[in-house]
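*Asks:* File upload-v7.cif follows (mmCIF, C-alpha atoms and all ligand atoms):
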data_input
loop_
_atom_site.label_atom_id
_atom_site.label_comp_id
_atom_site.auth_asym_id
_atom_site.auth_seq_id
_atom_site.Cartn_x
_atom_site.Cartn_y
_atom_site.Cartn_z
CA MET A 1086 -24.75 0.12 1.05
CA ALA A 1087 -23.97 3.78 1.65
CA ARG A 1088 -20.38 4.60 2.44
CA LYS A 1089 -19.95 6.36 5.79
CA PHE A 1090 -18.40 9.81 5.43
CA PHE A 1091 -14.84 9.94 6.76
CA VAL A 1092 -12.98 13.02 7.98
CA GLY A 1093 -9.33 12.72 8.92
CA GLY A 1094 -7.21 15.48 10.40
CA ASN A 1095 -3.51 15.12 9.66
CA TRP A 1096 -1.68 17.41 12.07
CA LYS A 1097 1.64 16.59 10.37
CA CYS A 1098 4.73 17.76 12.30
CA ASN A 1099 2.95 20.47 14.28
CA GLY A 1100 2.01 21.23 17.84
CA THR A 1101 3.10 21.72 21.42
CA THR A 1102 1.39 20.16 24.43
CA GLU A 1103 -0.55 23.38 24.96
CA GLU A 1104 -1.63 23.63 21.32
CA VAL A 1105 -2.64 19.99 21.25
CA LYS A 1106 -4.78 20.47 24.38
CA LYS A 1107 -6.46 23.45 22.75
CA ILE A 1108 -7.32 21.57 19.54
CA VAL A 1109 -8.68 18.61 21.49
CA THR A 1110 -10.78 20.89 23.69
CA THR A 1111 -12.32 22.48 20.60
CA LEU A 1112 -13.10 19.05 19.17
CA ASN A 1113 -14.50 17.74 22.44
CA GLU A 1114 -16.87 20.69 22.76
CA ALA A 1115 -18.06 20.58 19.15
CA GLU A 1116 -21.54 19.54 18.20
CA VAL A 1117 -21.16 17.29 15.19
CA PRO A 1118 -23.22 14.59 13.45
CA SER A 1119 -23.19 11.22 15.19
CA GLU A 1120 -20.70 8.42 14.65
CA ASP A 1121 -23.31 6.66 12.51
CA VAL A 1122 -23.04 9.50 10.00
CA VAL A 1123 -19.38 10.49 10.07
CA GLU A 1124 -16.18 8.78 11.16
CA VAL A 1125 -13.67 11.26 12.56
CA VAL A 1126 -9.99 10.43 12.99
CA VAL A 1127 -7.24 12.83 14.05
CA SER A 1128 -3.57 12.18 13.51
CA PRO A 1129 -1.17 13.93 15.87
CA PRO A 1130 2.61 13.40 15.76
CA PHE A 1131 3.72 10.13 17.42
CA VAL A 1132 4.82 11.81 20.64
CA PHE A 1133 1.34 13.17 21.31
CA LEU A 1134 -0.64 10.06 20.35
CA PRO A 1135 -1.24 8.59 23.83
CA PHE A 1136 -1.95 12.07 25.25
CA VAL A 1137 -4.49 12.89 22.53
CA LYS A 1138 -6.06 9.45 22.80
CA SER A 1139 -6.52 9.92 26.55
CA LEU A 1140 -8.16 13.35 26.20
CA LEU A 1141 -10.19 12.91 23.02
CA ARG A 1142 -13.94 12.27 23.05
CA SER A 1143 -14.78 8.59 22.59
CA ASP A 1144 -16.61 9.00 19.28
CA PHE A 1145 -13.45 10.36 17.60
CA HIS A 1146 -10.41 8.17 16.99
CA VAL A 1147 -6.68 8.62 16.50
CA ALA A 1148 -4.27 7.68 13.73
CA ALA A 1149 -0.49 7.55 13.54
CA GLN A 1150 1.10 9.33 10.59
CA ASN A 1151 3.34 6.42 9.64
CA CYS A 1152 4.67 3.08 10.84
CA TRP A 1153 7.51 0.73 10.01
CA VAL A 1154 7.14 -1.64 7.08
CA ARG A 1155 7.71 -4.85 9.03
CA LYS A 1156 8.03 -6.19 12.57
CA GLY A 1157 9.97 -3.88 14.89
CA GLY A 1158 13.57 -4.48 15.91
CA ALA A 1159 16.85 -2.74 15.14
CA PHE A 1160 15.34 0.15 13.17
CA THR A 1161 16.41 3.30 14.97
CA GLY A 1162 13.82 6.05 14.92
CA GLU A 1163 11.01 3.89 13.60
CA VAL A 1164 7.69 3.00 15.24
CA SER A 1165 6.20 -0.41 14.52
CA ALA A 1166 2.64 -1.37 13.73
CA GLU A 1167 2.78 -3.69 16.76
CA MET A 1168 3.52 -0.74 19.03
CA LEU A 1169 0.54 1.18 17.69
CA VAL A 1170 -1.70 -1.81 18.26
CA ASN A 1171 -0.25 -2.22 21.76
CA LEU A 1172 -1.16 1.40 22.54
CA GLY A 1173 -4.68 0.98 21.18
CA ILE A 1174 -4.12 3.26 18.18
CA PRO A 1175 -6.61 2.00 15.57
CA TRP A 1176 -5.53 3.89 12.44
CA VAL A 1177 -2.38 4.77 10.52
CA ILE A 1178 -1.79 7.09 7.56
CA LEU A 1179 0.58 5.51 5.02
CA GLY A 1180 2.08 6.71 1.76
CA HIS A 1181 1.54 10.40 2.34
CA SER A 1182 3.06 12.37 -0.54
CA GLU A 1183 5.39 14.19 1.84
CA ARG A 1184 6.95 10.85 2.77
CA ARG A 1185 6.94 9.63 -0.82
CA ALA A 1186 8.75 12.79 -1.95
CA LEU A 1187 10.99 13.66 1.01
CA LEU A 1188 11.79 10.16 2.25
CA ASN A 1189 11.76 8.41 -1.11
CA GLU A 1190 8.97 5.98 -0.25
CA SER A 1191 8.27 4.03 -3.44
CA ASN A 1192 4.92 2.61 -4.53
CA GLU A 1193 6.17 -0.87 -3.65
CA PHE A 1194 7.36 0.17 -0.19
CA VAL A 1195 4.02 1.84 0.52
CA GLY A 1196 2.22 -1.33 -0.67
CA ASP A 1197 4.33 -3.41 1.73
CA LYS A 1198 3.61 -1.01 4.58
CA VAL A 1199 -0.12 -1.07 3.97
CA ALA A 1200 -0.16 -4.88 3.87
CA TYR A 1201 1.91 -5.22 7.03
CA ALA A 1202 -0.12 -2.67 9.00
CA LEU A 1203 -3.35 -4.41 7.99
CA SER A 1204 -1.92 -7.80 8.95
CA GLN A 1205 -1.34 -6.45 12.46
CA GLY A 1206 -4.93 -5.23 12.76
CA LEU A 1207 -4.48 -1.54 11.99
CA LYS A 1208 -6.85 0.36 9.73
CA VAL A 1209 -5.07 2.28 7.00
CA ILE A 1210 -5.56 5.62 5.29
CA ALA A 1211 -3.52 5.01 2.13
CA CYS A 1212 -2.52 8.17 0.28
CA ILE A 1213 -2.08 8.54 -3.46
CA GLY A 1214 -1.91 11.49 -5.82
CA GLU A 1215 -0.12 13.10 -8.72
CA THR A 1216 2.28 16.05 -8.91
CA LEU A 1217 1.51 19.16 -10.95
CA GLU A 1218 3.96 18.05 -13.63
CA GLN A 1219 2.22 14.69 -13.90
CA ARG A 1220 -1.21 16.33 -14.11
CA GLU A 1221 -0.05 18.75 -16.79
CA SER A 1222 1.41 15.93 -18.83
CA GLY A 1223 -1.92 14.09 -18.70
CA SER A 1224 -0.73 11.19 -16.58
CA THR A 1225 -2.86 11.73 -13.46
CA MET A 1226 -4.80 8.50 -13.76
CA ALA A 1227 -1.76 6.43 -14.74
CA VAL A 1228 0.08 7.68 -11.64
CA VAL A 1229 -2.84 7.13 -9.30
CA ALA A 1230 -3.51 3.68 -10.80
CA ALA A 1231 0.13 2.63 -10.39
CA GLN A 1232 0.11 3.77 -6.75
CA THR A 1233 -3.13 1.90 -6.09
CA LYS A 1234 -1.94 -1.20 -7.99
CA ALA A 1235 1.11 -1.45 -5.72
CA ILE A 1236 -1.28 -1.60 -2.77
CA ALA A 1237 -3.78 -3.91 -4.49
CA GLU A 1238 -1.03 -6.43 -5.27
CA LYS A 1239 -0.34 -6.87 -1.54
CA VAL A 1240 -3.81 -6.50 -0.04
CA THR A 1241 -6.59 -9.07 -0.14
CA ASN A 1242 -9.07 -7.60 2.33
CA TRP A 1243 -10.01 -3.96 1.75
CA ASP A 1244 -12.44 -3.62 4.67
CA ASN A 1245 -9.94 -1.60 6.71
CA VAL A 1246 -8.58 0.59 3.93
CA VAL A 1247 -9.56 4.16 3.12
CA LEU A 1248 -7.99 5.60 -0.05
CA ALA A 1249 -6.99 9.25 0.22
CA TYR A 1250 -6.63 10.98 -3.14
CA GLU A 1251 -4.36 13.94 -2.50
CA PRO A 1252 -3.08 15.78 -5.56
CA VAL A 1253 0.37 17.00 -4.54
CA TRP A 1254 -0.20 20.39 -6.20
CA ALA A 1255 -3.17 21.00 -3.88
CA ILE A 1256 -1.44 20.10 -0.61
CA GLY A 1257 -0.73 23.11 1.57
CA THR A 1258 -0.93 25.42 -1.43
CA GLY A 1259 -4.40 26.87 -0.99
CA LYS A 1260 -5.04 25.61 -4.52
CA VAL A 1261 -7.84 23.12 -3.93
CA ALA A 1262 -9.00 20.77 -6.69
CA THR A 1263 -12.34 21.86 -8.06
CA PRO A 1264 -15.25 19.60 -7.13
CA ALA A 1265 -15.30 18.44 -10.77
CA GLN A 1266 -11.56 17.64 -10.76
CA ALA A 1267 -11.87 15.68 -7.52
CA GLN A 1268 -14.97 13.82 -8.69
CA GLU A 1269 -13.33 12.92 -12.00
CA VAL A 1270 -10.34 11.24 -10.35
CA HIS A 1271 -12.39 9.62 -7.58
CA CYS A 1272 -14.79 8.18 -10.15
CA GLU A 1273 -11.98 6.89 -12.38
CA LEU A 1274 -10.23 5.45 -9.37
CA ARG A 1275 -13.39 3.65 -8.26
CA ASN A 1276 -13.69 2.27 -11.80
CA TRP A 1277 -10.08 1.12 -11.61
CA VAL A 1278 -10.81 -0.66 -8.32
CA HIS A 1279 -13.92 -2.19 -9.89
CA ASP A 1280 -11.97 -3.56 -12.84
CA ASN A 1281 -8.83 -4.62 -10.97
CA VAL A 1282 -10.00 -5.57 -7.49
CA GLY A 1283 -13.71 -6.23 -7.70
CA ALA A 1284 -17.19 -4.74 -7.81
CA GLU A 1285 -17.90 -5.19 -4.13
CA VAL A 1286 -14.71 -3.45 -2.99
CA ALA A 1287 -15.30 -0.65 -5.48
CA ALA A 1288 -18.77 -0.04 -4.10
CA LYS A 1289 -17.61 -0.11 -0.48
CA VAL A 1290 -14.17 1.48 -0.36
CA ARG A 1291 -14.14 5.07 0.80
CA ILE A 1292 -12.18 7.46 -1.39
CA ILE A 1293 -11.50 10.68 0.45
CA TYR A 1294 -10.01 13.90 -0.91
CA GLY A 1295 -7.10 15.86 0.55
CA GLY A 1296 -5.45 19.11 -0.52
CA SER A 1297 -6.32 22.58 0.80
CA VAL A 1298 -9.71 21.53 2.13
CA ASN A 1299 -11.16 24.18 4.42
CA GLY A 1300 -14.39 25.27 6.02
CA ALA A 1301 -15.40 27.24 2.94
CA ASN A 1302 -14.80 24.70 0.17
CA CYS A 1303 -15.70 21.44 1.94
CA LYS A 1304 -19.44 21.47 1.38
CA GLU A 1305 -19.32 21.52 -2.39
CA LEU A 1306 -16.60 18.87 -2.51
CA ALA A 1307 -18.58 16.70 -0.09
CA GLY A 1308 -21.53 16.88 -2.46
CA GLN A 1309 -19.70 14.93 -5.17
CA PRO A 1310 -20.97 11.35 -5.44
CA ASP A 1311 -17.53 9.70 -5.22
CA VAL A 1312 -16.04 11.99 -2.58
CA ASP A 1313 -16.52 10.05 0.66
CA GLY A 1314 -14.78 12.48 2.97
CA PHE A 1315 -11.54 14.34 3.49
CA LEU A 1316 -7.99 14.14 4.73
CA VAL A 1317 -7.33 17.62 6.05
CA GLY A 1318 -3.92 19.11 6.84
CA GLY A 1319 -3.67 22.79 7.77
CA ALA A 1320 -7.34 23.32 8.54
CA SER A 1321 -7.39 20.35 10.93
CA LEU A 1322 -5.35 22.46 13.37
CA LYS A 1323 -8.05 25.13 13.43
CA PRO A 1324 -11.63 25.36 14.72
CA GLU A 1325 -12.89 25.20 11.11
CA PHE A 1326 -12.13 21.46 11.21
CA VAL A 1327 -15.50 21.22 12.97
CA ASP A 1328 -17.21 22.77 9.92
CA ILE A 1329 -15.46 20.21 7.72
CA ILE A 1330 -16.81 17.40 9.92
CA LYS A 1331 -20.26 18.92 9.61
CA SER A 1332 -20.06 18.83 5.81
CA ALA A 1333 -20.92 15.13 6.17
CA THR A 1334 -24.59 16.05 6.28
O1 LIG B 1 -2.83 14.93 4.71
C1 LIG B 1 -3.30 16.03 4.41
C2 LIG B 1 -2.94 16.68 3.17
O2 LIG B 1 -1.56 16.68 2.97
C3 LIG B 1 -3.60 18.00 2.95
O3 LIG B 1 -2.94 19.06 3.56
O4 LIG B 1 -5.01 20.40 3.89
O5 LIG B 1 -2.77 21.36 4.41
O6 LIG B 1 -3.46 20.95 2.04
P1 LIG B 1 -3.57 20.53 3.47
#
For the file at hand, write its structure as structure tokens.

*Replies:*
Amino acid sequence: MARKFFVGGNWKCNGTTEEVKKIVTTLNEAEVPSEDVVEVVVSPPFVFLPFVKSLLRSDFHVAAQNCWVRKGGAFTGEVSAEMLVNLGIPWVILGHSERRALLNESNEFVGDKVAYALSQGLKVIACIGETLEQRESGSTMAVVAAQTKAIAEKVTNWDNVVLAYEPVWAIGTGKVATPAQAQEVHCELRNWVHDNVGAEVAAKVRIIYGGSVNGANCKELAGQPDVDGFLVGGASLKPEFVDIIKSAT
């Protein structure tokens, strides 16, 4: 079965009400391939989630950028998976490298978060990826495998998981992975899933690429057999996000 192309826009910690309205208007007016061909998910900061959800066209969906690892309670500043479900937010991004690096989220913690979010009915974009130092020392696959293993140990049903391979050295740097570099890791990762999770999951799970994707480089990346879409940061705040969605066809 063909894997449906997936394009996520991670707005990170950006935007004002006016800017958010402008981005949503651009998306709502865009002519893009149908939902049968491409799944589009945008991820505004928490405070804008209900607003974006209320304005956004019905064939696009929203994602939170994080959620708490367990049931809510006395965890000041956190947002629980239950709250997202209560608000009708279908997706959450977990394990983004910015949170791993800046907030010390370990592989195990990310695995716990993914499992808890799934148990509450959320769909998860789980991020993995190596630093430049790790790539240069030849440990890319070991790092990515360890990150994925920590998720695989806690997850039994992969139907609602999208894996986002985001090399840290490519994020926000303008230094995109070449199509061959992306394909190599995606292919090895799919093989890892095949050997460690199962053939069916490996064939079905979408592995998307993130790191300096833009309107100019998306088409060639999208042409790689194991690149099933993108997680876009900077360019998801601009009209060129529409071109990235269109790279699905
Ligand atoms: O989640 C998105 C990634 O961090 C990519 O960000 O497209 O700005 O490099 P970027």

*Asks:* Which residues are near ligand LIG 1 (chain B) in this structure, taking near to mean any atom at most 6 Å from a ligand atom and counting only C-alpha atoms and all ligand atoms? Format them as a PDB file with C-alpha atoms, keeping the file's coordinate frame.

*Replies:*
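See selection_20.pdb below for the written result:
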ATOM      1  CA  ASN A1095      -3.510  15.120   9.660  1.00  0.00           C
ATOM      2  CA  ALA A1255      -3.170  21.000  -3.880  1.00  0.00           C
ATOM      3  CA  ILE A1256      -1.440  20.100  -0.610  1.00  0.00           C
ATOM      4  CA  GLY A1257      -0.730  23.110   1.570  1.00  0.00           C
ATOM      5  CA  GLY A1295      -7.100  15.860   0.550  1.00  0.00           C
ATOM      6  CA  GLY A1296      -5.450  19.110  -0.520  1.00  0.00           C
ATOM      7  CA  SER A1297      -6.320  22.580   0.800  1.00  0.00           C
ATOM      8  CA  VAL A1298      -9.710  21.530   2.130  1.00  0.00           C
ATOM      9  CA  LEU A1316      -7.990  14.140   4.730  1.00  0.00           C
ATOM     10  CA  VAL A1317      -7.330  17.620   6.050  1.00  0.00           C
ATOM     11  CA  GLY A1318      -3.920  19.110   6.840  1.00  0.00           C
ATOM     12  CA  GLY A1319      -3.670  22.790   7.770  1.00  0.00           C
ATOM     13  CA  ALA A1320      -7.340  23.320   8.540  1.00  0.00           C
TER      14      ALA A1320
END

*Asks:* Quote the spacing between atom CA of A:Val1127 and atom CA of A:Ala1148 in Å to one decimal place.

*Replies:*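 Computing the Euclidean distance for atom CA of A:Val1127 and atom CA of A:Ala1148 yields 6.0 Å.
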
*Asks:* Set the distance at 8 Å and use all atoms listed in the file: which residues neighbour stretch 1302-1307 of chain A once local chain neighbours fewer than 5 positions away are removed? I'd like the list as a ChimeraX atom specification.

*Replies:* /A:1263-1264,1267,1312-1314,1329,1332-1333

*Asks:* Do a neighbour search on A:His1271 at 8 Å with only C-alpha atoms, toss out local chain neighbours closer than 5 positions, and write the hits as a ChimeraX atom specification.

*Replies:* /A:1250,1292,1311-1312

*Asks:* So how many Å separate atom CA of A:Pro1135 and atom CA of A:Lys1208, to one decimal?

*Replies:*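 Calculated distance between atom CA of A:Pro1135 and atom CA of A:Lys1208 is 17.3 Å.
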
*Asks:* Pick out the closest residue to A:Gln1266 from this set: A:Ile1330, A:Met1168, A:Val1282, A:Met1226. Count all atoms listed in the file.

*Replies:*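 Result for the nearest residue to A:Gln1266: A:Met1226.
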
*Asks:* What's the separation between atom CA of A:Arg1275 and atom CA of A:Val1209, in Å to one decimal place?

*Replies:*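 About the pair atom CA of A:Arg1275 and atom CA of A:Val1209: they are 17.4 Å apart.
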
*Asks:* Wanna dump the stretch 1225-1258 of chain A-stretch 1173-1179 of chain A contacts at 12 Å for me, each residue with its shortest atom pair and the distance in Å to one decimal, counting all atoms listed in the file, ordered by chain and number, as JSON lines?

*Replies:*
{"residue": "A:Gln1232", "atom": "CA", "partner": "A:Leu1179", "partner_atom": "CA", "distance": 11.9}
{"residue": "A:Ile1236", "atom": "CA", "partner": "A:Leu1179", "partner_atom": "CA", "distance": 10.7}
{"residue": "A:Asn1245", "atom": "CA", "partner": "A:Trp1176", "partner_atom": "CA", "distance": 9.1}
{"residue": "A:Val1246", "atom": "CA", "partner": "A:Trp1176", "partner_atom": "CA", "distance": 9.6}
{"residue": "A:Val1247", "atom": "CA", "partner": "A:Ile1178", "partner_atom": "CA", "distance": 9.4}
{"residue": "A:Leu1248", "atom": "CA", "partner": "A:Ile1178", "partner_atom": "CA", "distance": 9.9}
{"residue": "A:Ala1249", "atom": "CA", "partner": "A:Ile1178", "partner_atom": "CA", "distance": 9.3}

*Asks:* For A:Phe1315, please output as a list of chain:residue names all residues within 7 Å (counting all atoms listed in the file; exclusion window: fewer than 6 positions along the same chain).

*Replies:*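 Counting all atoms listed in the file, the residues come to A:Phe1091, A:Val1092, A:Gly1093, A:Ile1293, A:Tyr1294, A:Gly1295.
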
*Asks:* Have a look at A:Gln1219, A:Thr1161, A:Phe1145, A:Asn1151 and name the one nearest to A:Leu1188; count only C-alpha atoms.

*Replies:*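 Ranking A:Gln1219, A:Thr1161, A:Phe1145, A:Asn1151 by distance to A:Leu1188, first place goes to A:Asn1151.
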